[in-house]
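These notes concern the structure reproduced below.
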Amino acid sequence: MISDNNQTKDNFLPPSTGSGFNLRDQIIKYLRKWYWFVLSVVVFGVLAYMYVRYTIPKYNVSGTIMISQDESISESELSAFKDLGLLDNTQNKIENEIQILKSRTLITNVVNNLNLNVRYFSEGRLLEIENYPKSLVEINFLSPDSIVDTKDKIFRVLINSGTSFSFVDEKKQKISDHSFGKTINTSIGDIVITPSVEDLESNVGKVIKIKISPVKFIAERYRSRISISTAGKNSSILRISLNDAVKEKAKDIINDLVKEYNKAAVEDKKQTSARTADFINDRLDLISGDLSEVDDEAAGYKSKFGLTNDVAAQTQRVADIDSRNIQEISRYSTQLSLIESMRNFVLSQEGRNDPIPSNLGFDDPNISNTVARYNGLIFQRKRLLKTSSEQNPVVVNIDEQLDGLRQVLIGSLNSVKSTINIRLNSLRTQDKYFSGKLYNAPIRQKDLRVIEREQTIKEQLYLYLLQKREEAEITSHITLSNARVIDRATTIGSFPVSPNKKMIYFGAVFLGLLLPFSIIYLGELFNVKVNSKEDLEKVLSMPILGSIPKTKSKKSTIVISRNSRSGIAEAFRILRTNLDFLMAGINKNTGKVVFVTSTVSGEGKTLISSNLAKTLAVSGKKVAYVGTDFRDPKFHKFLELPNGKDTIGFTNYIMNTDLEPKDVIYKQEGDDPIYILPSGVIPPNPAELLMQDKVKDMFKYLEKNFDYIVVDTAPVSLVTDTLLIAELADLSIYIVRENYSDKRVLQVPENFYRDRRLPNMAVLLNAAGNSTGYNYGYGYGNKS
């Protein structure tokens, strides 16, 4: 049917806004290509099946541990620095322990403990199966581990009997024969291969693949695959997980990793206790020598002057008071000695990165807390340096904290020392006072008291250090590990985590649908050709006559006859009916002129115009078919002319005054003939010929003698020929060819329509696809 926006000579219609988004049309557009989607889904489904079939499944194995958090700074005098990031907190401690657990040192130890750099494989129907923890044969290395651990080698062992085997290549071709238990010289050193099972005869003919890899590569591989996560934001519980094809191997790796971690932590703690014990022993040796000297001096003094330990009764009271002062002086002197010793140790460069002796019994709790925090940071720093350098930000941060703690510790020691000195000076003043009151006591007794006083100080310090040494020894033997195992490593679920069959098949279906959808969408997006009638409606505001379906015939010819029932024949009949509607306002009974034009050549002007002329002739009308495309005529390809392309026609009539219209008009043979006025010889000046008066004379003759004059004109965007004679037309049919005409040049006919440069314009879609809808209803597509 014709669109309602018909143009008349007295009114002007605004441009159409075009149709909006139509979901049904979009769905149908993709459904027409259903076979693409089916093929794509099948291909991706097969690929997904092959991937799942030939991929070794991996299982998730995990274990849970709890990290000890004995160290705390909540009650320390340094807790104010916590917000400044100078001190450690629980989360930082857990993050550090995670890094230690994933350190190369620990994982390398695990690889060496479990001998993971040597793997054994058996050939399956499709895949190689790793034999763990035991294989049919076992390889032993006679070379040092430092050499073997850096080698990369593959041995394929073919079992020949219970006592012999052969090395084979990938194609199972024998390389050499050997006996089990014999030394074999290889590129990685001497090796010995021995059976691991008693009944080896039943496995004759099997090939065991032994793959030896460098330890550092295996350690790095597992280091990247081991996942460690916390149970919560502030939780000290860690979950260690590993995905591996061999569940038993993954369990052993996780359990051995925890074991190595605890072993390293215990050794670090024992090292701290041993350092404390060494310090105490050094001090005991020094104090023991001083105490021996004082004892010898006291014994010699008494022996020289014949003194006893008896004190005169009259001086007993003063002596008692003085004795109490002496005890206080001794106690404070002991603390001063310890403070000075600790200050010298903290200030010395030798002990800068070593633990400070703890549990020395200071009265000030701040000193004890600071020493405990300092030793904790030293212990943490040493563990981090096993897996990183001193430039690591965490190590640098710890060094800064240690410097701050040293300063705070020195300040605390100085403060306590100053306080003790004040008290000690006061006690000594009192001691002098009471000593003066003992002027009646023998001078020898006074000297002996001085010796005894020094003897008491040394003895108290000696006993104190003996006590601390025992405490350090006890601590070193009851050191606990850092990690407490909550759940040993076990497999999570009975199904493999990789490959995930559901996700892979879902992804295959998704990609199978996405790929053709994307191709079709991008094809539509980058396609600048007219694809449907809707493309015309979006751009053009002129009437649309309809669509002519694409003919399956590769030969250019007239497809219309009286008995033709094909889809294209019915389309031309509908076109004929629509012409009557468009030309209803023309006051002419005969001689109606119909121009057929297009934007460029190749859009089907001649095909449409010739079949339109034949359709009108079939309806009983007398039709003249005129060719005005003087530059590239194609009449001879569609119609039988007396002399083919060289038949005289319109151009000959214009140039030769002796020719009459009837001399260049030819009647077609057969039923329902049309009268043909070919374009004639190709002139050098087509435009000038069309401006001659004889052109109008010809059209006047045709209008008097024919009902319809169908004119095949030249393309309007290439030459001006058609526009020169446009005023002679009663109707202008503008041809647009589907999948050929460019959407971007549709503005050309739209401008012609708006400017009224072609009279009574209407557009016709040529070579339309099956969506035009002619092959339905009455079986038009089944008859010809």
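Chains: A, B, ... in order of the structure tokens. Residues: from 1 per chain. Ligands: from 1, in order shown.
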> Skipping near chain neighbours, those fewer than 2 positions away, what residues fall within 12 Å of A:Thr419 using only C-alpha atoms, listed as an NGL selection string?
Replying inline: :A and (332 or 335-336 or 339 or 363-364 or 412-417 or 421-426)
>> Please extract the residues of stretch 231-475 of chain A with a backbone DSSP assignment of strand (DSSP E) and present them as number ranges by chain.
In response: A: 237-244
Go ahead and save the picked residues with C-alpha atoms, as a compact mmCIF listing (two decimals), in the first residue's frame.
# COMPACT_ATOMS: atom_id res chain seq x y z
CA ILE A 237 42.42 -17.31 62.64
CA LEU A 238 43.92 -18.05 59.21
CA ARG A 239 42.56 -20.32 56.49
CA ILE A 240 45.25 -21.87 54.29
CA SER A 241 43.91 -23.32 51.02
CA LEU A 242 45.41 -24.86 47.89
CA ASN A 243 43.87 -26.12 44.64
CA ASP A 244 45.64 -29.18 43.28
>> DSSP on the backbone: which residues in stretch 581-743 of chain A end up as helix (DSSP H, G or I)? Give the answer as a PyMOL selection string.
In response: chain A and resi 581-582+605-618+635-638+644-646+650-655+661-663+686-690+693-705+721-724+726-728+743
>> If we count only C-alpha atoms and set the cut-off at 8 Å, which residues sit around A:Ile492, ignoring sequence neighbours fewer than 5 positions away in its own chain? Please answer as a list in words.
In response: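 With the cut-off at 8 Å, the set is Tyr59, Asn60, Val61 and Ser62 of chain A.
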Selection export as a CSV table (one decimal), in the first residue's frame, atoms kept: all heavy atoms:
chain,number,residue,atom,x,y,z
A,59,TYR,N,41.1,-30.1,43.0
A,59,TYR,CA,40.3,-30.1,44.2
A,59,TYR,C,40.8,-29.0,45.2
A,59,TYR,O,42.0,-28.7,45.2
A,59,TYR,CB,40.3,-31.4,44.9
A,59,TYR,CG,39.8,-32.5,44.0
A,59,TYR,CD1,40.6,-33.2,43.1
A,59,TYR,CD2,38.4,-32.9,44.1
A,59,TYR,CE1,40.1,-34.2,42.3
A,59,TYR,CE2,37.9,-33.9,43.2
A,59,TYR,CZ,38.8,-34.5,42.4
A,59,TYR,OH,38.3,-35.5,41.6
A,60,ASN,N,39.9,-28.5,46.0
A,60,ASN,CA,40.3,-27.5,47.0
A,60,ASN,C,40.5,-28.1,48.3
A,60,ASN,O,39.7,-28.9,48.8
A,60,ASN,CB,39.2,-26.4,47.1
A,60,ASN,CG,39.5,-25.4,48.2
A,60,ASN,OD1,39.1,-25.4,49.3
A,60,ASN,ND2,40.3,-24.4,47.7
A,61,VAL,N,41.7,-27.9,48.8
A,61,VAL,CA,42.1,-28.5,50.1
A,61,VAL,C,42.4,-27.3,51.0
A,61,VAL,O,43.2,-26.4,50.6
A,61,VAL,CB,43.3,-29.4,50.0
A,61,VAL,CG1,43.8,-29.9,51.4
A,61,VAL,CG2,43.0,-30.6,49.1
A,62,SER,N,42.0,-27.3,52.3
A,62,SER,CA,42.2,-26.2,53.2
A,62,SER,C,42.4,-26.6,54.6
A,62,SER,O,41.9,-27.7,55.0
A,62,SER,CB,41.1,-25.1,53.1
A,62,SER,OG,39.9,-25.6,53.6
>> Which residues are close to stretch 641-648 of chain A, i.e. within 10 Å by only C-alpha atoms, leaving aside same-chain residues fewer than 5 positions away? Reply as a list in words.
In response: Pro633, Lys634, Phe635, His636, Tyr653, Asp663, Val664, Ile665, Tyr666, Lys667, Gln668, Ile676, Leu677, Pro678, Ser679, Gly680, Val681 and Ile682 of chain A
Excluding A:Asp290 and its own-chain neighbours fewer than 6 positions away, which residues fall within 12 Å of it when counting only C-alpha atoms? Please give them as a CSV table (one decimal) with N, CA and C atoms, in the first residue's frame.
chain,number,residue,atom,x,y,z
A,283,ARG,N,77.4,-12.0,83.2
A,283,ARG,CA,77.3,-11.2,84.4
A,283,ARG,C,77.7,-12.0,85.7
A,284,LEU,N,77.2,-13.3,85.7
A,284,LEU,CA,77.5,-14.2,86.9
A,284,LEU,C,79.0,-14.4,87.0
A,296,ASP,N,87.5,-12.8,100.4
A,296,ASP,CA,88.9,-13.0,100.8
A,296,ASP,C,89.4,-11.8,101.7
A,297,GLU,N,88.9,-10.6,101.3
A,297,GLU,CA,89.3,-9.4,102.0
A,297,GLU,C,88.7,-9.4,103.4
A,454,GLU,N,79.9,-4.3,101.3
A,454,GLU,CA,80.2,-4.6,100.0
A,454,GLU,C,79.9,-6.1,99.6
A,455,GLN,N,80.2,-6.9,100.6
A,455,GLN,CA,80.0,-8.4,100.5
A,455,GLN,C,78.6,-8.7,100.3
A,456,THR,N,77.7,-8.0,101.0
A,456,THR,CA,76.3,-8.2,100.9
A,456,THR,C,75.7,-7.8,99.6
A,457,ILE,N,76.2,-6.7,99.0
A,457,ILE,CA,75.7,-6.2,97.7
A,457,ILE,C,76.1,-7.2,96.6
A,458,LYS,N,77.3,-7.7,96.7
A,458,LYS,CA,77.7,-8.6,95.6
A,458,LYS,C,77.0,-10.0,95.8
A,459,GLU,N,76.7,-10.4,97.0
A,459,GLU,CA,76.1,-11.6,97.2
A,459,GLU,C,74.6,-11.6,96.7
A,461,LEU,N,73.3,-9.6,94.4
A,461,LEU,CA,73.3,-9.5,93.0
A,461,LEU,C,73.6,-10.9,92.4
A,462,TYR,N,74.5,-11.6,93.0
A,462,TYR,CA,74.9,-13.0,92.5
A,462,TYR,C,73.7,-13.9,92.6
>> I need the residue nearest A:Phe581 from this list: A:Ile218, A:Val711, A:Leu466, A:Ile544. Use only C-alpha atoms for the distance.
In response: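 Under the stated criterion, the closest residue is A:Ile544.
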>> Counting only C-alpha atoms, which residue out of A:Lys182, A:Lys249, A:Arg453, A:Arg324 sits closest to A:Asp295?
In response: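 Once distances to A:Asp295 are computed over only C-alpha atoms, the minimum belongs to A:Arg453.
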> Pick from A:Ser179, A:Thr590, A:Ser224, A:Asn527: nearest to A:Glu703, with only C-alpha atoms counted?
Replying inline: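 The answer is A:Thr590, which sits nearest to A:Glu703.
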Counting only C-alpha atoms, give me one row per residue of stretch 233-313 of chain A with an atom at most 12 Å from an atom of stretch 116-131 of chain A, showing the shortest contact pair and its distance in Å to one decimal, sorted by chain then residue number, as a tab-separated table.
residue	atom	partner	partner_atom	distance
A:Asp244	CA	A:Glu130	CA	11.1
A:Ala245	CA	A:Glu130	CA	8.4
A:Val246	CA	A:Glu130	CA	7.4
A:Lys247	CA	A:Glu130	CA	11.0
A:Glu248	CA	A:Asn131	CA	10.4
A:Lys249	CA	A:Leu116	CA	8.8
A:Ala250	CA	A:Leu116	CA	10.8
A:Asp252	CA	A:Leu116	CA	10.5
A:Ile253	CA	A:Leu116	CA	9.2
Written file, previous selection with N, CA and C atoms, as a CSV table (one decimal), in the first residue's frame:
chain,number,residue,atom,x,y,z
A,244,ASP,N,44.7,-28.3,43.9
A,244,ASP,CA,45.6,-29.2,43.3
A,244,ASP,C,44.9,-30.4,42.8
A,245,ALA,N,45.5,-31.0,41.7
A,245,ALA,CA,44.9,-32.2,41.1
A,245,ALA,C,45.1,-33.4,42.1
A,246,VAL,N,46.1,-33.4,42.9
A,246,VAL,CA,46.3,-34.5,43.9
A,246,VAL,C,45.9,-34.1,45.3
A,247,LYS,N,44.8,-34.6,45.8
A,247,LYS,CA,44.3,-34.1,47.1
A,247,LYS,C,45.3,-34.4,48.2
A,248,GLU,N,45.9,-35.6,48.2
A,248,GLU,CA,46.8,-36.0,49.3
A,248,GLU,C,48.1,-35.1,49.3
A,249,LYS,N,48.5,-34.8,48.1
A,249,LYS,CA,49.7,-33.9,48.1
A,249,LYS,C,49.4,-32.5,48.6
A,250,ALA,N,48.2,-32.0,48.3
A,250,ALA,CA,47.8,-30.7,48.8
A,250,ALA,C,47.7,-30.7,50.3
A,252,ASP,N,49.3,-32.7,52.4
A,252,ASP,CA,50.7,-32.8,53.0
A,252,ASP,C,51.4,-31.4,52.9
A,253,ILE,N,51.2,-30.7,51.8
A,253,ILE,CA,51.8,-29.4,51.7
A,253,ILE,C,51.4,-28.4,52.7
> Counting only C-alpha atoms, what is within 7 Å of A:Phe595, bar same-chain residues fewer than 2 positions away, as a PyMOL selection string?
Replying inline: chain A and resi 593+597+710-713+729+731-733
Keeping only N, CA and C atoms, write the selected residues as an mmCIF file, in the first residue's frame.
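Saved to result.cif:
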data_model
loop_
_atom_site.group_PDB
_atom_site.id
_atom_site.type_symbol
_atom_site.label_atom_id
_atom_site.label_comp_id
_atom_site.auth_asym_id
_atom_site.auth_seq_id
_atom_site.Cartn_x
_atom_site.Cartn_y
_atom_site.Cartn_z
ATOM 1 N N VAL A 593 2.465 10.140 -18.240
ATOM 2 C CA VAL A 593 3.912 9.944 -18.344
ATOM 3 C C VAL A 593 4.464 9.555 -16.967
ATOM 4 N N THR A 597 13.500 6.732 -12.255
ATOM 5 C CA THR A 597 14.882 7.196 -12.087
ATOM 6 C C THR A 597 15.452 6.656 -10.783
ATOM 7 N N VAL A 710 6.017 5.053 -20.190
ATOM 8 C CA VAL A 710 6.971 4.734 -19.122
ATOM 9 C C VAL A 710 8.364 5.083 -19.634
ATOM 10 N N VAL A 711 9.050 5.988 -18.899
ATOM 11 C CA VAL A 711 10.322 6.529 -19.350
ATOM 12 C C VAL A 711 11.445 6.026 -18.438
ATOM 13 N N ASP A 712 12.426 5.376 -19.029
ATOM 14 C CA ASP A 712 13.640 4.946 -18.319
ATOM 15 C C ASP A 712 14.654 6.072 -18.438
ATOM 16 N N THR A 713 14.905 6.797 -17.308
ATOM 17 C CA THR A 713 15.735 8.004 -17.333
ATOM 18 C C THR A 713 17.123 7.715 -16.774
ATOM 19 N N ALA A 729 6.922 14.907 -16.883
ATOM 20 C CA ALA A 729 6.434 13.736 -16.156
ATOM 21 C C ALA A 729 5.174 14.058 -15.376
ATOM 22 N N LEU A 731 4.292 11.493 -13.110
ATOM 23 C CA LEU A 731 4.661 10.764 -11.903
ATOM 24 C C LEU A 731 6.130 10.382 -12.011
ATOM 25 N N SER A 732 6.868 10.570 -10.882
ATOM 26 C CA SER A 732 8.292 10.216 -10.853
ATOM 27 C C SER A 732 8.492 9.103 -9.827
ATOM 28 N N ILE A 733 8.892 7.940 -10.334
ATOM 29 C CA ILE A 733 9.178 6.806 -9.444
ATOM 30 C C ILE A 733 10.687 6.763 -9.201
#
>> Between atom CA of A:Val394 and atom CA of A:Asn96, what is the distance in Å, rounded to a tenth?
In response: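 It comes out at 8.5 Å.
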> In Å, with one decimal, what is the gap from atom CA of A:Ile188 to atom CA of A:Asn109?
Replying inline: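 Computed distance, atom CA of A:Ile188 to atom CA of A:Asn109, equals 21.5 Å.
For the atom pair formed by atom CA of A:Ile451 and atom CA of A:Ala299, the distance is 9.8 Å, given to one decimal.
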> What's the 8 Å shell around A:Ser532, counting only C-alpha atoms, without same-chain residues fewer than 5 positions away, as a ChimeraX atom specification?
Replying inline: /A:738,768-769
Would you write out those residues with N, CA, C and O atoms, as a JSON list (two decimals), in the first residue's frame?
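Result went into result_15.json, see below:
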[["chain", "number", "residue", "atom", "x", "y", "z"],
["A", 738, "GLU", "N", 17.61, -2.44, -2.34],
["A", 738, "GLU", "CA", 17.98, -2.99, -1.03],
["A", 738, "GLU", "C", 19.37, -3.63, -1.09],
["A", 738, "GLU", "O", 19.73, -4.30, -2.06],
["A", 768, "ALA", "N", 13.94, -6.34, -2.79],
["A", 768, "ALA", "CA", 13.70, -6.52, -1.37],
["A", 768, "ALA", "C", 13.81, -7.99, -1.00],
["A", 768, "ALA", "O", 13.59, -8.88, -1.81],
["A", 769, "GLY", "N", 14.16, -8.25, 0.27],
["A", 769, "GLY", "CA", 14.31, -9.62, 0.74],
["A", 769, "GLY", "C", 12.97, -10.26, 1.02],
["A", 769, "GLY", "O", 11.90, -9.73, 0.70]]
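Comparing the minimum interatomic distances between A:Met542 and each of A:Val763, A:Met691, A:Ile520, A:Val509, counting only C-alpha atoms, we find that A:Val763 sits nearest.
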> Of the candidates A:Asp149, A:Asp256, A:Ile287, A:Ala48, which one gets nearest to A:Leu338 if we count only C-alpha atoms?
Replying inline: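 For A:Leu338, the nearest of the given residues is A:Ile287.
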